[in-house]
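Pasted below: target_8.pdb, PDB, N, CA and C atoms.
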```
ATOM      1  N   MET A   1     -87.164  34.579  36.164
ATOM      2  CA  MET A   1     -85.742  34.373  36.068
ATOM      3  C   MET A   1     -85.144  35.207  34.922
ATOM      4  N   ILE A   2     -85.862  35.256  33.809
ATOM      5  CA  ILE A   2     -85.388  36.051  32.663
ATOM      6  C   ILE A   2     -85.335  37.534  33.043
ATOM      7  N   ARG A   3     -86.376  38.014  33.745
ATOM      8  CA  ARG A   3     -86.386  39.423  34.158
ATOM      9  C   ARG A   3     -85.223  39.698  35.108
ATOM     10  N   LEU A   4     -84.997  38.811  36.057
ATOM     11  CA  LEU A   4     -83.911  38.986  37.018
ATOM     12  C   LEU A   4     -82.560  39.041  36.304
ATOM     13  N   TYR A   5     -82.353  38.156  35.343
ATOM     14  CA  TYR A   5     -81.103  38.146  34.581
ATOM     15  C   TYR A   5     -80.950  39.446  33.789
ATOM     16  N   SER A   6     -82.036  39.910  33.211
ATOM     17  CA  SER A   6     -82.010  41.157  32.450
ATOM     18  C   SER A   6     -81.640  42.338  33.350
ATOM     19  N   ILE A   7     -82.227  42.393  34.535
ATOM     20  CA  ILE A   7     -81.908  43.455  35.494
ATOM     21  C   ILE A   7     -80.443  43.351  35.920
ATOM     22  N   PHE A   8     -79.979  42.133  36.179
ATOM     23  CA  PHE A   8     -78.588  41.892  36.566
ATOM     24  C   PHE A   8     -77.626  42.428  35.502
ATOM     25  N   LEU A   9     -77.920  42.145  34.248
ATOM     26  CA  LEU A   9     -77.052  42.612  33.164
ATOM     27  C   LEU A   9     -77.003  44.134  33.108
ATOM     28  N   LYS A  10     -78.173  44.759  33.264
ATOM     29  CA  LYS A  10     -78.246  46.218  33.139
ATOM     30  C   LYS A  10     -77.703  46.945  34.364
ATOM     31  N   LYS A  11     -78.083  46.486  35.560
ATOM     32  CA  LYS A  11     -77.755  47.229  36.789
ATOM     33  C   LYS A  11     -76.414  46.825  37.413
ATOM     34  N   VAL A  12     -76.109  45.535  37.447
ATOM     35  CA  VAL A  12     -74.884  45.074  38.112
ATOM     36  C   VAL A  12     -73.690  45.135  37.170
ATOM     37  N   LEU A  13     -73.855  44.601  35.968
ATOM     38  CA  LEU A  13     -72.739  44.576  35.019
ATOM     39  C   LEU A  13     -72.654  45.827  34.152
ATOM     40  N   ASN A  14     -73.665  46.683  34.230
ATOM     41  CA  ASN A  14     -73.701  47.935  33.454
ATOM     42  C   ASN A  14     -73.484  47.706  31.958
ATOM     43  N   ILE A  15     -74.105  46.674  31.440
ATOM     44  CA  ILE A  15     -73.977  46.382  30.013
ATOM     45  C   ILE A  15     -74.892  47.331  29.243
ATOM     46  N   PRO A  16     -74.375  48.012  28.229
ATOM     47  CA  PRO A  16     -75.212  48.912  27.434
ATOM     48  C   PRO A  16     -76.354  48.149  26.763
ATOM     49  N   LEU A  17     -77.509  48.796  26.654
ATOM     50  CA  LEU A  17     -78.692  48.146  26.083
ATOM     51  C   LEU A  17     -78.446  47.586  24.692
ATOM     52  N   GLU A  18     -77.628  48.271  23.900
ATOM     53  CA  GLU A  18     -77.399  47.795  22.529
ATOM     54  C   GLU A  18     -76.595  46.494  22.485
ATOM     55  N   LYS A  19     -75.953  46.123  23.589
ATOM     56  CA  LYS A  19     -75.192  44.867  23.655
ATOM     57  C   LYS A  19     -76.059  43.680  24.094
ATOM     58  N   ILE A  20     -77.277  43.960  24.571
ATOM     59  CA  ILE A  20     -78.183  42.901  25.032
ATOM     60  C   ILE A  20     -79.193  42.617  23.928
ATOM     61  N   LYS A  21     -79.235  41.379  23.468
ATOM     62  CA  LYS A  21     -80.165  40.973  22.406
ATOM     63  C   LYS A  21     -81.095  39.891  22.936
ATOM     64  N   ILE A  22     -82.289  39.854  22.393
ATOM     65  CA  ILE A  22     -83.292  38.868  22.782
ATOM     66  C   ILE A  22     -83.631  38.017  21.566
ATOM     67  N   GLY A  23     -83.565  36.704  21.745
ATOM     68  CA  GLY A  23     -83.943  35.774  20.683
ATOM     69  C   GLY A  23     -85.137  34.955  21.123
ATOM     70  N   LEU A  24     -86.076  34.740  20.216
ATOM     71  CA  LEU A  24     -87.251  33.925  20.514
ATOM     72  C   LEU A  24     -87.262  32.687  19.638
ATOM     73  N   ILE A  25     -87.663  31.573  20.234
ATOM     74  CA  ILE A  25     -87.905  30.338  19.491
ATOM     75  C   ILE A  25     -89.378  30.019  19.699
ATOM     76  N   LEU A  26     -90.133  29.981  18.601
ATOM     77  CA  LEU A  26     -91.585  29.809  18.682
ATOM     78  C   LEU A  26     -92.053  28.619  17.869
ATOM     79  N   TYR A  27     -93.241  28.133  18.212
ATOM     80  CA  TYR A  27     -93.919  27.131  17.399
ATOM     81  C   TYR A  27     -94.642  27.872  16.277
ATOM     82  N   PRO A  28     -94.872  27.233  15.135
ATOM     83  CA  PRO A  28     -95.471  27.926  13.990
ATOM     84  C   PRO A  28     -96.835  28.564  14.266
ATOM     85  N   ASP A  29     -97.610  28.002  15.195
ATOM     86  CA  ASP A  29     -98.944  28.554  15.444
ATOM     87  C   ASP A  29     -98.949  29.699  16.459
ATOM     88  N   LEU A  30     -97.798  30.077  17.009
ATOM     89  CA  LEU A  30     -97.730  31.203  17.938
ATOM     90  C   LEU A  30     -97.499  32.497  17.166
ATOM     91  N   SER A  31     -98.116  33.564  17.637
ATOM     92  CA  SER A  31     -97.985  34.870  16.998
ATOM     93  C   SER A  31     -96.675  35.536  17.419
ATOM     94  N   ASP A  32     -95.856  35.856  16.443
ATOM     95  CA  ASP A  32     -94.581  36.527  16.704
ATOM     96  C   ASP A  32     -94.823  37.849  17.430
ATOM     97  N   GLU A  33     -95.808  38.596  16.979
ATOM     98  CA  GLU A  33     -96.112  39.907  17.549
ATOM     99  C   GLU A  33     -96.551  39.798  19.016
ATOM    100  N   GLN A  34     -97.452  38.855  19.314
ATOM    101  CA  GLN A  34     -97.934  38.683  20.689
ATOM    102  C   GLN A  34     -96.817  38.190  21.609
ATOM    103  N   CYS A  35     -96.016  37.264  21.124
ATOM    104  CA  CYS A  35     -94.920  36.738  21.947
ATOM    105  C   CYS A  35     -93.867  37.809  22.204
ATOM    106  N   LYS A  36     -93.558  38.624  21.206
ATOM    107  CA  LYS A  36     -92.597  39.717  21.408
ATOM    108  C   LYS A  36     -93.131  40.708  22.428
ATOM    109  N   ARG A  37     -94.427  41.007  22.346
ATOM    110  CA  ARG A  37     -95.044  41.923  23.301
ATOM    111  C   ARG A  37     -94.919  41.356  24.727
ATOM    112  N   PHE A  38     -95.189  40.057  24.869
ATOM    113  CA  PHE A  38     -95.094  39.398  26.179
ATOM    114  C   PHE A  38     -93.668  39.478  26.724
ATOM    115  N   TRP A  39     -92.681  39.062  25.918
ATOM    116  CA  TRP A  39     -91.300  39.032  26.395
ATOM    117  C   TRP A  39     -90.717  40.437  26.552
ATOM    118  N   LYS A  40     -91.178  41.380  25.744
ATOM    119  CA  LYS A  40     -90.720  42.763  25.864
ATOM    120  C   LYS A  40     -91.093  43.317  27.241
ATOM    121  N   GLU A  41     -92.282  42.952  27.714
ATOM    122  CA  GLU A  41     -92.735  43.356  29.048
ATOM    123  C   GLU A  41     -91.875  42.708  30.138
ATOM    124  N   ILE A  42     -91.490  41.469  29.931
ATOM    125  CA  ILE A  42     -90.682  40.741  30.926
ATOM    126  C   ILE A  42     -89.261  41.308  31.009
ATOM    127  N   VAL A  43     -88.590  41.430  29.864
ATOM    128  CA  VAL A  43     -87.178  41.851  29.870
ATOM    129  C   VAL A  43     -87.002  43.360  29.920
ATOM    130  N   ARG A  44     -88.072  44.074  29.592
ATOM    131  CA  ARG A  44     -88.052  45.546  29.604
ATOM    132  C   ARG A  44     -86.928  46.120  28.748
ATOM    133  N   LEU A  45     -86.921  45.642  27.508
ATOM    134  CA  LEU A  45     -85.987  46.146  26.504
ATOM    135  C   LEU A  45     -86.786  46.556  25.277
ATOM    136  N   PRO A  46     -86.290  47.505  24.487
ATOM    137  CA  PRO A  46     -87.015  47.921  23.285
ATOM    138  C   PRO A  46     -87.053  46.822  22.222
ATOM    139  N   GLU A  47     -88.019  46.944  21.325
ATOM    140  CA  GLU A  47     -88.214  45.913  20.301
ATOM    141  C   GLU A  47     -87.022  45.782  19.357
ATOM    142  N   ASN A  48     -86.246  46.848  19.172
ATOM    143  CA  ASN A  48     -85.092  46.737  18.268
ATOM    144  C   ASN A  48     -83.962  45.887  18.867
ATOM    145  N   ASN A  49     -84.095  45.457  20.128
ATOM    146  CA  ASN A  49     -83.131  44.533  20.732
ATOM    147  C   ASN A  49     -83.455  43.079  20.401
ATOM    148  N   PHE A  50     -84.602  42.838  19.756
ATOM    149  CA  PHE A  50     -84.999  41.478  19.410
ATOM    150  C   PHE A  50     -84.356  41.054  18.097
ATOM    151  N   MET A  51     -83.840  39.832  18.090
ATOM    152  CA  MET A  51     -83.265  39.265  16.875
ATOM    153  C   MET A  51     -84.388  38.613  16.069
ATOM    154  N   LYS A  52     -84.049  38.078  14.915
ATOM    155  CA  LYS A  52     -85.031  37.391  14.087
ATOM    156  C   LYS A  52     -85.549  36.155  14.826
ATOM    157  N   THR A  53     -86.859  35.986  14.839
ATOM    158  CA  THR A  53     -87.490  34.854  15.518
ATOM    159  C   THR A  53     -87.245  33.564  14.748
ATOM    160  N   GLN A  54     -86.945  32.504  15.493
ATOM    161  CA  GLN A  54     -86.752  31.171  14.910
ATOM    162  C   GLN A  54     -88.004  30.341  15.188
ATOM    163  N   TYR A  55     -88.375  29.483  14.245
ATOM    164  CA  TYR A  55     -89.556  28.630  14.410
ATOM    165  C   TYR A  55     -89.136  27.168  14.414
ATOM    166  N   ILE A  56     -89.764  26.400  15.313
ATOM    167  CA  ILE A  56     -89.489  24.966  15.403
ATOM    168  C   ILE A  56     -90.805  24.199  15.448
ATOM    169  N   ARG A  57     -90.755  22.932  15.093
ATOM    170  CA  ARG A  57     -91.919  22.054  15.220
ATOM    171  C   ARG A  57     -91.899  21.422  16.599
ATOM    172  N   SER A  58     -93.079  21.233  17.162
ATOM    173  CA  SER A  58     -93.191  20.598  18.470
ATOM    174  C   SER A  58     -93.117  19.085  18.324
ATOM    175  N   ARG A  59     -92.415  18.443  19.230
ATOM    176  CA  ARG A  59     -92.345  16.981  19.212
ATOM    177  C   ARG A  59     -93.537  16.368  19.939
ATOM    178  N   HIS A  60     -94.124  17.143  20.836
ATOM    179  CA  HIS A  60     -95.253  16.638  21.616
ATOM    180  C   HIS A  60     -96.455  17.551  21.368
ATOM    181  N   PRO A  61     -97.606  16.990  20.994
ATOM    182  CA  PRO A  61     -98.749  17.831  20.614
ATOM    183  C   PRO A  61     -99.370  18.636  21.757
ATOM    184  N   THR A  62     -99.207  18.216  23.008
ATOM    185  CA  THR A  62     -99.877  18.931  24.095
ATOM    186  C   THR A  62     -98.933  19.652  25.047
ATOM    187  N   LYS A  63     -97.727  19.174  25.234
ATOM    188  CA  LYS A  63     -96.787  19.829  26.148
ATOM    189  C   LYS A  63     -96.064  20.935  25.389
ATOM    190  N   ARG A  64     -96.576  22.167  25.553
ATOM    191  CA  ARG A  64     -96.041  23.289  24.788
ATOM    192  C   ARG A  64     -95.840  24.498  25.680
ATOM    193  N   LEU A  65     -94.995  25.368  25.248
ATOM    194  CA  LEU A  65     -94.778  26.627  25.947
ATOM    195  C   LEU A  65     -95.627  27.698  25.270
ATOM    196  N   SER A  66     -96.505  28.331  26.019
ATOM    197  CA  SER A  66     -97.463  29.289  25.458
ATOM    198  C   SER A  66     -96.818  30.506  24.813
ATOM    199  N   TRP A  67     -95.651  30.903  25.306
ATOM    200  CA  TRP A  67     -94.989  32.104  24.794
ATOM    201  C   TRP A  67     -93.654  31.787  24.131
ATOM    202  N   GLY A  68     -93.394  30.532  23.847
ATOM    203  CA  GLY A  68     -92.147  30.142  23.210
ATOM    204  C   GLY A  68     -90.985  30.160  24.193
ATOM    205  N   ILE A  69     -89.793  30.197  23.655
ATOM    206  CA  ILE A  69     -88.566  30.196  24.451
ATOM    207  C   ILE A  69     -87.863  31.529  24.232
ATOM    208  N   CYS A  70     -87.426  32.144  25.328
ATOM    209  CA  CYS A  70     -86.730  33.430  25.256
ATOM    210  C   CYS A  70     -85.268  33.224  25.631
ATOM    211  N   MET A  71     -84.374  33.736  24.798
ATOM    212  CA  MET A  71     -82.933  33.678  25.074
ATOM    213  C   MET A  71     -82.406  35.102  25.215
ATOM    214  N   VAL A  72     -81.612  35.330  26.238
ATOM    215  CA  VAL A  72     -80.970  36.630  26.415
ATOM    216  C   VAL A  72     -79.509  36.458  26.014
ATOM    217  N   VAL A  73     -79.075  37.242  25.038
ATOM    218  CA  VAL A  73     -77.727  37.126  24.484
ATOM    219  C   VAL A  73     -76.970  38.421  24.765
ATOM    220  N   VAL A  74     -75.737  38.288  25.258
ATOM    221  CA  VAL A  74     -74.906  39.458  25.532
ATOM    222  C   VAL A  74     -73.692  39.404  24.619
ATOM    223  N   ASN A  75     -73.484  40.458  23.864
ATOM    224  CA  ASN A  75     -72.342  40.534  22.952
ATOM    225  C   ASN A  75     -71.194  41.285  23.626
ATOM    226  N   ASN A  76     -70.587  40.639  24.653
ATOM    227  CA  ASN A  76     -69.507  41.285  25.374
ATOM    228  C   ASN A  76     -68.613  40.206  25.994
ATOM    229  N   LEU A  77     -67.487  39.938  25.385
ATOM    230  CA  LEU A  77     -66.587  38.871  25.833
ATOM    231  C   LEU A  77     -66.061  39.122  27.244
ATOM    232  N   GLU A  78     -65.708  40.355  27.545
ATOM    233  CA  GLU A  78     -65.171  40.690  28.868
ATOM    234  C   GLU A  78     -66.175  40.339  29.971
ATOM    235  N   GLN A  79     -67.445  40.686  29.751
ATOM    236  CA  GLN A  79     -68.479  40.388  30.748
ATOM    237  C   GLN A  79     -68.737  38.886  30.845
ATOM    238  N   LYS A  80     -68.629  38.185  29.721
ATOM    239  CA  LYS A  80     -68.821  36.733  29.730
ATOM    240  C   LYS A  80     -67.758  36.071  30.601
ATOM    241  N   VAL A  81     -66.507  36.471  30.420
ATOM    242  CA  VAL A  81     -65.409  35.911  31.215
ATOM    243  C   VAL A  81     -65.624  36.227  32.696
ATOM    244  N   LYS A  82     -66.056  37.442  32.992
ATOM    245  CA  LYS A  82     -66.309  37.838  34.376
ATOM    246  C   LYS A  82     -67.407  36.968  34.999
ATOM    247  N   MET A  83     -68.509  36.760  34.272
ATOM    248  CA  MET A  83     -69.609  35.945  34.805
ATOM    249  C   MET A  83     -69.192  34.491  34.994
ATOM    250  N   LEU A  84     -68.449  33.932  34.041
ATOM    251  CA  LEU A  84     -67.988  32.549  34.180
ATOM    252  C   LEU A  84     -67.058  32.395  35.386
ATOM    253  N   THR A  85     -66.236  33.404  35.644
ATOM    254  CA  THR A  85     -65.360  33.385  36.819
ATOM    255  C   THR A  85     -66.188  33.421  38.095
ATOM    256  N   TRP A  86     -67.211  34.284  38.131
ATOM    257  CA  TRP A  86     -68.089  34.359  39.304
ATOM    258  C   TRP A  86     -68.792  33.029  39.547
ATOM    259  N   ILE A  87     -69.277  32.406  38.484
ATOM    260  CA  ILE A  87     -69.960  31.113  38.619
ATOM    261  C   ILE A  87     -68.998  30.069  39.176
ATOM    262  N   ASP A  88     -67.771  30.058  38.671
ATOM    263  CA  ASP A  88     -66.768  29.109  39.152
ATOM    264  C   ASP A  88     -66.460  29.347  40.631
ATOM    265  N   LEU A  89     -66.258  30.600  41.014
ATOM    266  CA  LEU A  89     -65.972  30.923  42.416
ATOM    267  C   LEU A  89     -67.148  30.553  43.316
ATOM    268  N   PHE A  90     -68.353  30.831  42.850
ATOM    269  CA  PHE A  90     -69.555  30.497  43.620
ATOM    270  C   PHE A  90     -69.662  28.993  43.826
ATOM    271  N   SER A  91     -69.441  28.229  42.751
ATOM    272  CA  SER A  91     -69.574  26.773  42.866
ATOM    273  C   SER A  91     -68.495  26.184  43.776
ATOM    274  N   ARG A  92     -67.304  26.752  43.757
ATOM    275  CA  ARG A  92     -66.239  26.267  44.652
ATOM    276  C   ARG A  92     -66.572  26.554  46.115
ATOM    277  N   LYS A  93     -67.159  27.718  46.351
ATOM    278  CA  LYS A  93     -67.481  28.116  47.723
ATOM    279  C   LYS A  93     -68.615  27.280  48.308
ATOM    280  N   PHE A  94     -69.586  26.908  47.480
ATOM    281  CA  PHE A  94     -70.777  26.240  47.987
ATOM    282  C   PHE A  94     -70.874  24.763  47.630
ATOM    283  N   THR A  95     -69.753  24.134  47.308
ATOM    284  CA  THR A  95     -69.760  22.684  47.124
ATOM    285  C   THR A  95     -68.843  22.053  48.156
ATOM    286  N   ILE A  96     -69.234  20.882  48.593
ATOM    287  CA  ILE A  96     -68.453  20.147  49.582
ATOM    288  C   ILE A  96     -68.110  18.798  48.966
ATOM    289  N   ASP A  97     -66.835  18.543  48.749
ATOM    290  CA  ASP A  97     -66.376  17.287  48.139
ATOM    291  C   ASP A  97     -67.094  16.988  46.830
ATOM    292  N   GLY A  98     -67.280  18.009  46.019
ATOM    293  CA  GLY A  98     -67.911  17.812  44.712
ATOM    294  C   GLY A  98     -69.419  17.684  44.755
ATOM    295  N   LYS A  99     -70.026  17.854  45.942
ATOM    296  CA  LYS A  99     -71.480  17.756  46.073
ATOM    297  C   LYS A  99     -72.039  19.108  46.479
ATOM    298  N   ALA A 100     -73.263  19.365  46.077
ATOM    299  CA  ALA A 100     -73.892  20.647  46.374
ATOM    300  C   ALA A 100     -74.014  20.848  47.875
ATOM    301  N   GLY A 101     -73.598  22.022  48.328
ATOM    302  CA  GLY A 101     -73.732  22.368  49.736
ATOM    303  C   GLY A 101     -74.932  23.264  49.985
ATOM    304  N   VAL A 102     -75.488  23.819  48.910
ATOM    305  CA  VAL A 102     -76.662  24.683  49.004
ATOM    306  C   VAL A 102     -77.785  24.013  48.248
ATOM    307  N   VAL A 103     -78.947  23.950  48.864
ATOM    308  CA  VAL A 103     -80.097  23.329  48.193
ATOM    309  C   VAL A 103     -81.181  24.344  48.032
TER     310      VAL A 103
END
```

Using structure tokens, write down the structure that the file contains.
Amino acid sequence: MIRLYSIFLKKVLNIPLEKIKIGLILYPDLSDEQCKRFWKEIVRLPENNFMKTQYIRSRHPTKRLSWGICMVVVNNLEQKVKMLTWIDLFSRKFTIDGKAGVV
């Protein structure tokens, strides 16, 4: 899903690479370098697009994400408004009486 969103931003919305940033949230025992390498392969963006990694403590000792959490951030208000409009139009088209029409 992250790769698809990244491709969508680059190919459909034509957002310049410098406007797309990647943020990682990791557990303290995960390697920042290994996780960046993993997510860099997924999003196919250069390492200078990565923001400073944030670290959190896990609330559950066994249910963990092996590569942390990846956030894709776009610094473009015009594109944000466009995407929110598309989401609104999509939801209006595919809902029936306030209930999902697509499953």

Worksheet entry | CA of Phe94 in chain A to atom C of Val74 in chain A, straight-line distance in Å | 27.0 Å

Worksheet item: Mind telling me what the PyMOL selection byres (((chain A and resi 25-31 and name CA) around 8) and name CA) catches here, as a list of chain:residue names?
Response: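 This file gives the following for the PyMOL selection byres (((chain A and resi 25-31 and name CA) around 8) and name CA): A:Gly23, A:Leu24, A:Asp32, A:Glu33, A:Gln34, A:Cys35, A:Thr53, A:Gln54, A:Tyr55, A:Ile56, A:Arg57, A:Ser58, A:Ser66, A:Trp67, A:Gly68, A:Ile69, A:Cys70.
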
Practice prompt. Figure out the distance between CA of Leu4 in chain A and CA of Leu89 in chain A, please, to one decimal in Å.
Written response: 20.4 Å

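Coordinates place CA of Met51 in chain A at a distance of 22.8 Å from CA of Met83 in chain A.
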
Fill in: Of the listed residues A:Ile20, A:Val72, A:Leu65, A:Ile2, that which approaches Asn48 in chain A most closely, counting only C-alpha atoms
A:Ile20

Starting from 3 Å padding per side, set up an axis-aligned box that covers all listed atoms of range 29-32 of chain A and hand over centre and edge lengths in Å, one decimal, as JSON.
```
{"center_x": -96.8, "center_y": 32.9, "center_z": 16.6, "size_x": 10.4, "size_y": 15.8, "size_z": 8.7}
```

Tell me which protein, DNA and RNA residues are within 8 Å of Tyr5 in chain A, counting all atoms listed in the file, leaving out same-chain ones fewer than 5 positions away, and put them as a PDB file with N, CA and C atoms, in the frame of the given file.
```pdb
ATOM      1  N   LYS A  10     -78.173  44.759  33.264  1.00  0.00           N
ATOM      2  CA  LYS A  10     -78.246  46.218  33.139  1.00  0.00           C
ATOM      3  C   LYS A  10     -77.703  46.945  34.364  1.00  0.00           C
ATOM      4  N   LYS A  11     -78.083  46.486  35.560  1.00  0.00           N
ATOM      5  CA  LYS A  11     -77.755  47.229  36.789  1.00  0.00           C
ATOM      6  C   LYS A  11     -76.414  46.825  37.413  1.00  0.00           C
ATOM      7  N   VAL A  43     -88.590  41.430  29.864  1.00  0.00           N
ATOM      8  CA  VAL A  43     -87.178  41.851  29.870  1.00  0.00           C
ATOM      9  C   VAL A  43     -87.002  43.360  29.920  1.00  0.00           C
ATOM     10  N   VAL A  72     -81.612  35.330  26.238  1.00  0.00           N
ATOM     11  CA  VAL A  72     -80.970  36.630  26.415  1.00  0.00           C
ATOM     12  C   VAL A  72     -79.509  36.458  26.014  1.00  0.00           C
TER      13      VAL A  72
END
```

Practice prompt. Select from chain A everything DSSP, run on the backbone, classes as helix (DSSP H, G or I), then give the selection as a VMD selection string.
Written response: chain A and resid 2 to 12 17 to 19 32 to 43 47 to 49 77 to 93

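Restricting the calculation to only C-alpha atoms, the smallest distance between Lys21 in chain A and any of A:Arg3, A:His60, A:Lys40, A:Val73 is found for A:Val73.
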
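Using only N, CA and C atoms, the nearest neighbour of Lys52 in chain A within the list A:Leu9, A:Thr85, A:Ile22, A:Ile96 is A:Ile22.
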
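Counting only C-alpha atoms and comparing A:Leu17, A:Val81, A:Val12, A:Met1, the residue that lies closest to Ile42 in chain A is A:Met1.
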
Discussion item. Using only N, CA and C atoms for the distances, tell me which of A:Arg64, A:Arg92, A:Lys19, A:Lys82 is nearest to Asn49 in chain A.
Written reply: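 Looking only at the distances to Asn49 in chain A, the closest residue turns out to be A:Lys19.
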